[in-house]
Amino acid sequence: MNLYGWFAMMLVISAVWLIWFLYRPLKGNILDLEKSNIALGKQKQAELEQDLQRDLIDESVFEQAKDEIAQVLAIEMTQTVTTVETQKPIAIWLSAMIVVFFSGASFFVYQALISQSITAQNAITAQTLQAQEPPTLAQSIVNIKKHLEENFDDEKAWRTLGLALFDANDLTQSLEAYERSYQLNPKDVTMLVEYASTLAKSQKNQFKGRVSTLVREALEINPDSPDALYLAGWVAINAQQLALAQMLWEKALSLLPENQADRASLQRMLDELAQIQNSNKVESQHQVVIKVVLPERLRQAEFKEHYLMVYIKAARGRPMPIAIQKIKLKDFTGTVTLTDENSVMPTRKLSQSSKVLAVVLLSQSGSAMRQADDIEALSQVIDVKDNPTVELKL
Amino acid sequence: MLPEIGHFALILALMATVLQVVLPSVGLWRGNFALTQLSKPLLWMQFFWILVSFALLMNAFLVDDFSVKYVASNSNTQLPDLFKMSAVWGAHEGSLLLWTLILSVWCVAVSIFSKRLPSEVLNHILIILGLISVGFLLFLLLTSNPFERLDIIPTQGRELNPLLQDFGLIIHPPMLYMGYVGMAIPFAFVLSSLIRGQLDSTWLRWSRPWTLMAWAFLTFGITLGSWWAYYELGWGGWWFWDPVENASFMPWLVATALVHSLSVSEKRGAFKHWTVLLAISGFSLSLLGTFLVRSGILTSVHSFAADPERGLFILVFLVIVVGGSLGLYAWRAHLMRSNNSFEPLSRESGLLINNILLVAAMLSVFLGTLYPLLLDSLGLGKISVGAPYFDAVFIPIMVPAVLAMALGGFLRWKKDKLDRVVDVTIHTVFVAATITLITYFAIDNVYVVLATFLSSWIVLHSLLLLAQRLRQKGNLGTAFLGMVMAHIGIAVFLFGATITTQYGIEKDIKMSLNESVEIEGYTFTFRGVSTLKGANYTGNKGMIDVAYQGEKIATLKPEKRQYVTGMPMTEAAIDPSLSRDLYVALGESLGAGAWSLRLYYKPLIRWIWLGGLLIMLGALLAAFDRRYRLKARRKS
């Protein structure tokens, strides 16, 4: 049944109810006002006698109070005007008029109310959704703009306009609308997320620059916003930080409720990300195994708290370690395996290097800078791509 | 489509109510029985369509229909179903729909349970109630349509205010509205009498139980609100003299005076002016309270100007209700002359003093609540009126009222003698004075001494009154028992409020892991904080072990929540008992495992709400007194 069918049914129910009681009026209450007041006057006199028994009224004024009740009743009797009511049935034309008025007025009021406001116009649209065309996006945009002419500082309306323009693929104007909303209220997390998404789309899905700033601002306001975490994941992917992206999306997934539809797609993306990470590992990750031989004197208790730093540095160029492990001597097992996980810089992985030196440094202070009493051993030049194993003696 | 059906149902309810006003009025004028008797069926039809409308709005919340603006603004998919239901009255439009529904429920109750009222009187009353309903339905449809659609449908709604996501807030507003709206019933009884020019015994007798019921709900609603504020806001307070609280307290004070005034008018035919004016002002203040709270005027005067259409409607409606009813009163005032005389020392005089003091107390609250708003709206600057003003003005007015309250029951109607009253009450006065003296020497706190005196004064006199009645071997009557219970409720409330205010201890402290703090013999040990995840929030949960004399008695788990929309909330943990509450609220993380915590020791705080419950139960007992049922039995 369409909406007007429902309306008709509601009117019919009301009309039937009305007609039924027009022709079969409810019985009136038995009492008339005069009888009611007389009965109450009697009851009050009985209560007065009770009050006397309970010592709530002095005997000397009891009669006076009794007279007053009678006087009140007398006044009430003079005031009472009894209306004589006829039991005549209602004329058919009058009943018909009542029903027609009820139905017509109800429908007229509905039409008048829905034509008054923009949102009520949408109600018409909603009722005709099944049969007629929905409101166009362009119409909605015009309505919001009209609203903004009178409410220029309505940040939510600017945000809504931004969203509508985004849907209409007018990214330039959408960004302007979001920027206006941002200026009015830079603390709205939803707006920040939508603004960042639109900006990223306008940059051909490059999640960097202002996009990254907006996402960071959103997360500073609400670190647990799933939408902001989702975008932060894309920012991380943009920066080749797959592990960070994985962490952010996993957190976003944990914050989404069980019945949220976005969960499935986020889970899919996480699976794909895991596959990429695994294949990267299989294809390109290399390692260097370093066996360190310690002389007997370094095994003494006095050296237990010394630090053993095992690292790889380039054979030529900057002396900064590419990958490093720092272990207390008491925890040292004899062999250290250096992989991409131990890389100092995410942009300079161990696997990306080729000719390197393996270094072992025994230090009391644990400082990266070599001290006077530190002991050091270096390997010959090795190639990381060979996944070599080297032995170093201190 | 369902929201449109809900909207149309509201229009049908409006049309049914218009007919409910017009057709019986024509019937009364033309003496046509069939038309006058239409008031009840039309009222029931109105109720049915409002109920349908309300159910459809609730359905829109439950199915997350964010095409409805009101739903999108106050709910989201992550909100638990229970709170989705209560979100219906979480903001302006829905709460007005609830207001209208409750008014309709009261009207149906009057139409069903007033069979002993003459039809003519009942029809007049239903016409007045219909007029009030027309006003509210028009207000809903013209300015506050809860079914308004959105241009662009959001995929997710906004958050319901986390403060409202609580069981207390599910029942507090409906109960308070039952009280507010219930005040429409004595108002309608009075107005129908003024219109008919028959200010007789009938309306006085039959409006009293309805007034008592409304007063009971108002008391319950305010008590629930106080309880909710205590455990939900995280401040440990139970009353803040907040304008929103005052908005509900003012009609309560007037309703209290009305209940007492009605008893004199009903039994002795006196105080009719008082009764009429109190009934009018009680409902007017209820309207004012609802609109002040729901229109946003109280949070900012500018929000009033921000929606001129809604503001104008409110003003016009208030002017019609207050102006129209006062105009009627002025027109019919000459009919309220009474020949019933009473002496200065009599029960009537006691109740008169009670009325004057309660109205003065209401005016002091009215001034403190509205004067800052008036100044602000006139651009004369902002002033803050808080607890110091109310404590200084309100309490001195109420002390004599409490003293008079206890003695009122011993005074005779019309005329009494001081010697007799002294003879009857001398023993209780002596005992109350002795208890007070002992307290005075034991405790160096003037407020506690005063509260001990007033509470023992009320309780002793109430018990003496009860003992006297029992000696007379007559039927006690539930009205009498209700009065005693309500008066004892006041004493319980007064004592609890004073003790908790004077001896409550509050500590804002930093606590590290396993650190302990002692308050009044209770040792609070901080056991750390764990993370928390709810349906629509994440957060932290603290763990505090509480020991008394070395024995662990409770583990309190206060929460600090962060809702998905970013709104933070504090959920206090309470170990309750009738003698004291131990209350812990979790603050901020201070690093290195340390947290800021607020610890409270609240002696006798439960007595405040126990007092409120006793008052409510007393009012309900009085409303069901056999005098209000006798007549029905006799006739049947």
# chains A, B, ... in the order shown; residues from 1 in each chain; ligands from 1
call {"tool": "residues_around", "arguments": {"residues": "Asp625 (chain B)", "least_positions_apart": "4", "cutoff": "10 Å", "atoms": "only C-alpha atoms", "output": "MDAnalysis selection string"}}
result
chainID B and resid 209 477:482 620:621 629:630
call {"tool": "interface_residues", "arguments": {"of": "chain B", "to": "chain A", "cutoff": "7 Å", "atoms": "only C-alpha atoms", "output": "PyMOL selection string"}}
result
chain B and resi 1+4+8+11-12+15+31-34+37-38+41+78+115-119+148-151+198+200-202+267+340+412-413+472+535+564+566
call {"tool": "select_by_dssp", "arguments": {"residues": "region 305-446 of chain B", "states": "helix (DSSP H, G or I)", "output": "count of residues only"}}
result
110
call {"tool": "select_by_dssp", "arguments": {"residues": "region 484-595 of chain B", "states": "strand (DSSP E or B)", "output": "PyMOL selection string"}}
result
chain B and resi 505-511+516-519+522-533+537-548+551-556+559-563+568-571+573-575+580-591+594-595
call {"tool": "closest_residue", "arguments": {"among": "B:Ile125, B:Leu277, B:Leu14, B:Val359", "to": "Tyr329 (chain B)", "atoms": "only C-alpha atoms"}}
result
B:Leu277
call {"tool": "residues_around", "arguments": {"residues": "Glu93 (chain B)", "least_positions_apart": "2", "cutoff": "6 Å", "atoms": "only C-alpha atoms", "output": "list in words"}}
result
Ser95, Leu96, Ser144 and Pro146 of chain B
call {"tool": "residues_around", "arguments": {"residues": "region 183-186 of chain A", "least_positions_apart": "4", "cutoff": "12 Å", "atoms": "only C-alpha atoms", "output": "mmCIF file with N, CA, C and O atoms, in the first residue's frame"}}
result
data_model
loop_
_atom_site.group_PDB
_atom_site.id
_atom_site.type_symbol
_atom_site.label_atom_id
_atom_site.label_comp_id
_atom_site.auth_asym_id
_atom_site.auth_seq_id
_atom_site.Cartn_x
_atom_site.Cartn_y
_atom_site.Cartn_z
ATOM 1 N N PHE A 152 24.850 31.978 7.468
ATOM 2 C CA PHE A 152 26.188 31.876 6.905
ATOM 3 C C PHE A 152 27.162 31.179 7.848
ATOM 4 O O PHE A 152 28.144 30.588 7.419
ATOM 5 N N ASP A 153 26.887 31.248 9.146
ATOM 6 C CA ASP A 153 27.821 30.673 10.115
ATOM 7 C C ASP A 153 27.409 29.288 10.595
ATOM 8 O O ASP A 153 27.843 28.831 11.647
ATOM 9 N N ASP A 154 26.555 28.631 9.860
ATOM 10 C CA ASP A 154 26.114 27.289 10.242
ATOM 11 C C ASP A 154 27.151 26.272 9.744
ATOM 12 O O ASP A 154 27.134 25.845 8.581
ATOM 13 N N GLU A 155 28.070 25.899 10.635
ATOM 14 C CA GLU A 155 29.195 25.065 10.206
ATOM 15 C C GLU A 155 28.727 23.694 9.737
ATOM 16 O O GLU A 155 29.311 23.085 8.830
ATOM 17 N N LYS A 156 27.629 23.214 10.347
ATOM 18 C CA LYS A 156 27.133 21.886 9.961
ATOM 19 C C LYS A 156 26.573 21.921 8.542
ATOM 20 O O LYS A 156 26.729 20.976 7.778
ATOM 21 N N ALA A 157 25.893 23.019 8.227
ATOM 22 C CA ALA A 157 25.345 23.143 6.874
ATOM 23 C C ALA A 157 26.483 23.218 5.856
ATOM 24 O O ALA A 157 26.387 22.632 4.766
ATOM 25 N N TRP A 158 27.569 23.917 6.198
ATOM 26 C CA TRP A 158 28.724 23.968 5.287
ATOM 27 C C TRP A 158 29.292 22.569 5.092
ATOM 28 O O TRP A 158 29.673 22.185 3.983
ATOM 29 N N ARG A 159 29.350 21.803 6.165
ATOM 30 C CA ARG A 159 29.861 20.444 6.081
ATOM 31 C C ARG A 159 28.965 19.592 5.169
ATOM 32 O O ARG A 159 29.430 18.844 4.318
ATOM 33 N N GLU A 176 36.014 24.010 -0.855
ATOM 34 C CA GLU A 176 35.747 25.366 -0.342
ATOM 35 C C GLU A 176 34.734 25.303 0.805
ATOM 36 O O GLU A 176 34.877 25.987 1.821
ATOM 37 N N ALA A 177 33.697 24.483 0.620
ATOM 38 C CA ALA A 177 32.671 24.356 1.668
ATOM 39 C C ALA A 177 33.275 23.763 2.943
ATOM 40 O O ALA A 177 33.015 24.243 4.057
ATOM 41 N N TYR A 178 34.109 22.730 2.781
ATOM 42 C CA TYR A 178 34.744 22.128 3.959
ATOM 43 C C TYR A 178 35.699 23.119 4.635
ATOM 44 O O TYR A 178 35.789 23.159 5.863
ATOM 45 N N GLU A 179 36.403 23.916 3.832
ATOM 46 C CA GLU A 179 37.341 24.880 4.417
ATOM 47 C C GLU A 179 36.577 25.901 5.275
ATOM 48 O O GLU A 179 37.004 26.280 6.366
ATOM 49 N N THR A 190 34.226 14.531 12.523
ATOM 50 C CA THR A 190 33.578 14.027 11.299
ATOM 51 C C THR A 190 33.937 14.915 10.112
ATOM 52 O O THR A 190 34.249 14.431 9.020
ATOM 53 N N MET A 191 33.876 16.243 10.337
ATOM 54 C CA MET A 191 34.203 17.176 9.256
ATOM 55 C C MET A 191 35.664 17.000 8.819
ATOM 56 O O MET A 191 35.975 16.966 7.624
ATOM 57 N N LEU A 192 36.565 16.867 9.813
ATOM 58 C CA LEU A 192 37.987 16.729 9.492
ATOM 59 C C LEU A 192 38.236 15.495 8.624
ATOM 60 O O LEU A 192 38.994 15.536 7.652
ATOM 61 N N VAL A 193 37.547 14.416 8.973
ATOM 62 C CA VAL A 193 37.715 13.161 8.211
ATOM 63 C C VAL A 193 37.184 13.326 6.787
ATOM 64 O O VAL A 193 37.843 12.951 5.804
ATOM 65 N N TYR A 195 36.753 16.123 5.163
ATOM 66 C CA TYR A 195 37.601 17.105 4.458
ATOM 67 C C TYR A 195 38.863 16.404 3.948
ATOM 68 O O TYR A 195 39.255 16.555 2.781
ATOM 69 N N LEU A 214 45.294 17.107 8.498
ATOM 70 C CA LEU A 214 43.886 17.039 8.938
ATOM 71 C C LEU A 214 43.609 15.756 9.722
ATOM 72 O O LEU A 214 42.917 15.762 10.736
ATOM 73 N N VAL A 215 44.181 14.653 9.221
ATOM 74 C CA VAL A 215 43.973 13.369 9.903
ATOM 75 C C VAL A 215 44.597 13.421 11.296
ATOM 76 O O VAL A 215 44.010 12.957 12.283
ATOM 77 N N GLU A 217 45.055 16.064 13.134
ATOM 78 C CA GLU A 217 44.202 16.911 13.988
ATOM 79 C C GLU A 217 42.987 16.123 14.479
ATOM 80 O O GLU A 217 42.602 16.228 15.645
ATOM 81 N N ALA A 218 42.399 15.329 13.583
ATOM 82 C CA ALA A 218 41.222 14.529 13.975
ATOM 83 C C ALA A 218 41.601 13.540 15.078
ATOM 84 O O ALA A 218 40.873 13.370 16.059
ATOM 85 N N GLU A 220 44.069 13.814 17.175
ATOM 86 C CA GLU A 220 44.396 14.507 18.428
ATOM 87 C C GLU A 220 43.124 14.783 19.225
ATOM 88 O O GLU A 220 43.102 14.721 20.444
ATOM 89 N N ILE A 221 42.036 15.079 18.496
ATOM 90 C CA ILE A 221 40.754 15.342 19.188
ATOM 91 C C ILE A 221 40.159 14.032 19.705
ATOM 92 O O ILE A 221 39.718 13.936 20.833
#
call {"tool": "residues_around", "arguments": {"residues": "region 327-338 of chain A", "least_positions_apart": "5", "cutoff": "12 Å", "atoms": "only C-alpha atoms", "output": "ChimeraX atom specification"}}
result
/A:285-295,298-313,321-322,343-344,349-351,358-366,384,387-393
call {"tool": "atom_distance", "arguments": {"atom1": "CA of Val235 (chain A)", "atom2": "CA of Asp271 (chain A)"}}
result
18.1 Å
call {"tool": "atom_distance", "arguments": {"atom1": "CA of Trp274 (chain B)", "atom2": "CA of Ile195 (chain B)"}}
result
17.5 Å
call {"tool": "atom_distance", "arguments": {"atom1": "CA of Ala184 (chain B)", "atom2": "CA of Val316 (chain B)"}}
result
17.8 Å
call {"tool": "residues_around", "arguments": {"residues": "Ala270 (chain B)", "least_positions_apart": "5", "cutoff": "9 Å", "atoms": "only C-alpha atoms", "output": "number ranges by chain"}}
result
B: 261, 264-265, 336-341, 348
call {"tool": "decode", "arguments": {"residues": "region 233-285 of chain A", "atoms": "C-alpha atoms", "output": "PDB file, in the first residue's frame"}}
result
ATOM      1  CA  GLY A 233      46.285   3.985   7.763  1.00  0.00           C
ATOM      2  CA  TRP A 234      46.237   5.323   4.216  1.00  0.00           C
ATOM      3  CA  VAL A 235      48.620   8.121   5.212  1.00  0.00           C
ATOM      4  CA  ALA A 236      50.961   5.419   6.585  1.00  0.00           C
ATOM      5  CA  ILE A 237      50.709   3.375   3.387  1.00  0.00           C
ATOM      6  CA  ASN A 238      51.493   6.502   1.431  1.00  0.00           C
ATOM      7  CA  ALA A 239      54.695   6.735   3.487  1.00  0.00           C
ATOM      8  CA  GLN A 240      55.474   3.035   2.864  1.00  0.00           C
ATOM      9  CA  GLN A 241      54.919   2.268   6.554  1.00  0.00           C
ATOM     10  CA  LEU A 242      52.919  -0.891   6.104  1.00  0.00           C
ATOM     11  CA  ALA A 243      53.330  -2.116   9.667  1.00  0.00           C
ATOM     12  CA  LEU A 244      52.014   1.185  11.006  1.00  0.00           C
ATOM     13  CA  ALA A 245      49.083   1.052   8.591  1.00  0.00           C
ATOM     14  CA  GLN A 246      48.311  -2.449   9.767  1.00  0.00           C
ATOM     15  CA  MET A 247      48.367  -1.331  13.391  1.00  0.00           C
ATOM     16  CA  LEU A 248      46.062   1.643  12.695  1.00  0.00           C
ATOM     17  CA  TRP A 249      43.543  -0.418  10.743  1.00  0.00           C
ATOM     18  CA  GLU A 250      43.545  -3.142  13.355  1.00  0.00           C
ATOM     19  CA  LYS A 251      42.717  -0.523  15.975  1.00  0.00           C
ATOM     20  CA  ALA A 252      39.988   0.928  13.739  1.00  0.00           C
ATOM     21  CA  LEU A 253      38.550  -2.569  13.310  1.00  0.00           C
ATOM     22  CA  SER A 254      38.535  -3.160  17.059  1.00  0.00           C
ATOM     23  CA  LEU A 255      36.580   0.073  17.571  1.00  0.00           C
ATOM     24  CA  LEU A 256      33.924  -0.677  15.002  1.00  0.00           C
ATOM     25  CA  PRO A 257      30.826  -2.364  16.447  1.00  0.00           C
ATOM     26  CA  GLU A 258      30.083  -5.967  15.542  1.00  0.00           C
ATOM     27  CA  ASN A 259      27.173  -5.118  13.255  1.00  0.00           C
ATOM     28  CA  GLN A 260      28.957  -2.316  11.387  1.00  0.00           C
ATOM     29  CA  ALA A 261      28.995  -2.981   7.656  1.00  0.00           C
ATOM     30  CA  ASP A 262      32.428  -1.396   7.201  1.00  0.00           C
ATOM     31  CA  ARG A 263      34.038  -4.151   9.239  1.00  0.00           C
ATOM     32  CA  ALA A 264      34.054  -6.644   6.379  1.00  0.00           C
ATOM     33  CA  SER A 265      35.786  -4.324   3.914  1.00  0.00           C
ATOM     34  CA  LEU A 266      38.332  -3.223   6.523  1.00  0.00           C
ATOM     35  CA  GLN A 267      39.070  -6.849   7.332  1.00  0.00           C
ATOM     36  CA  ARG A 268      39.566  -7.531   3.610  1.00  0.00           C
ATOM     37  CA  MET A 269      42.021  -4.648   3.348  1.00  0.00           C
ATOM     38  CA  LEU A 270      43.922  -5.930   6.354  1.00  0.00           C
ATOM     39  CA  ASP A 271      44.170  -9.380   4.746  1.00  0.00           C
ATOM     40  CA  GLU A 272      45.493  -7.856   1.535  1.00  0.00           C
ATOM     41  CA  LEU A 273      47.996  -5.779   3.488  1.00  0.00           C
ATOM     42  CA  ALA A 274      49.216  -8.880   5.322  1.00  0.00           C
ATOM     43  CA  GLN A 275      49.689 -10.680   1.985  1.00  0.00           C
ATOM     44  CA  ILE A 276      51.727  -7.779   0.610  1.00  0.00           C
ATOM     45  CA  GLN A 277      53.891  -7.717   3.720  1.00  0.00           C
ATOM     46  CA  ASN A 278      54.501 -11.477   3.523  1.00  0.00           C
ATOM     47  CA  SER A 279      55.386 -11.393  -0.145  1.00  0.00           C
ATOM     48  CA  ASN A 280      57.761  -8.469   0.494  1.00  0.00           C
ATOM     49  CA  LYS A 281      59.463 -10.530   3.142  1.00  0.00           C
ATOM     50  CA  VAL A 282      59.766 -13.593   0.940  1.00  0.00           C
ATOM     51  CA  GLU A 283      60.963 -11.678  -2.084  1.00  0.00           C
ATOM     52  CA  SER A 284      63.476  -9.269  -0.700  1.00  0.00           C
ATOM     53  CA  GLN A 285      64.373  -9.653   2.939  1.00  0.00           C
TER      54      GLN A 285
END
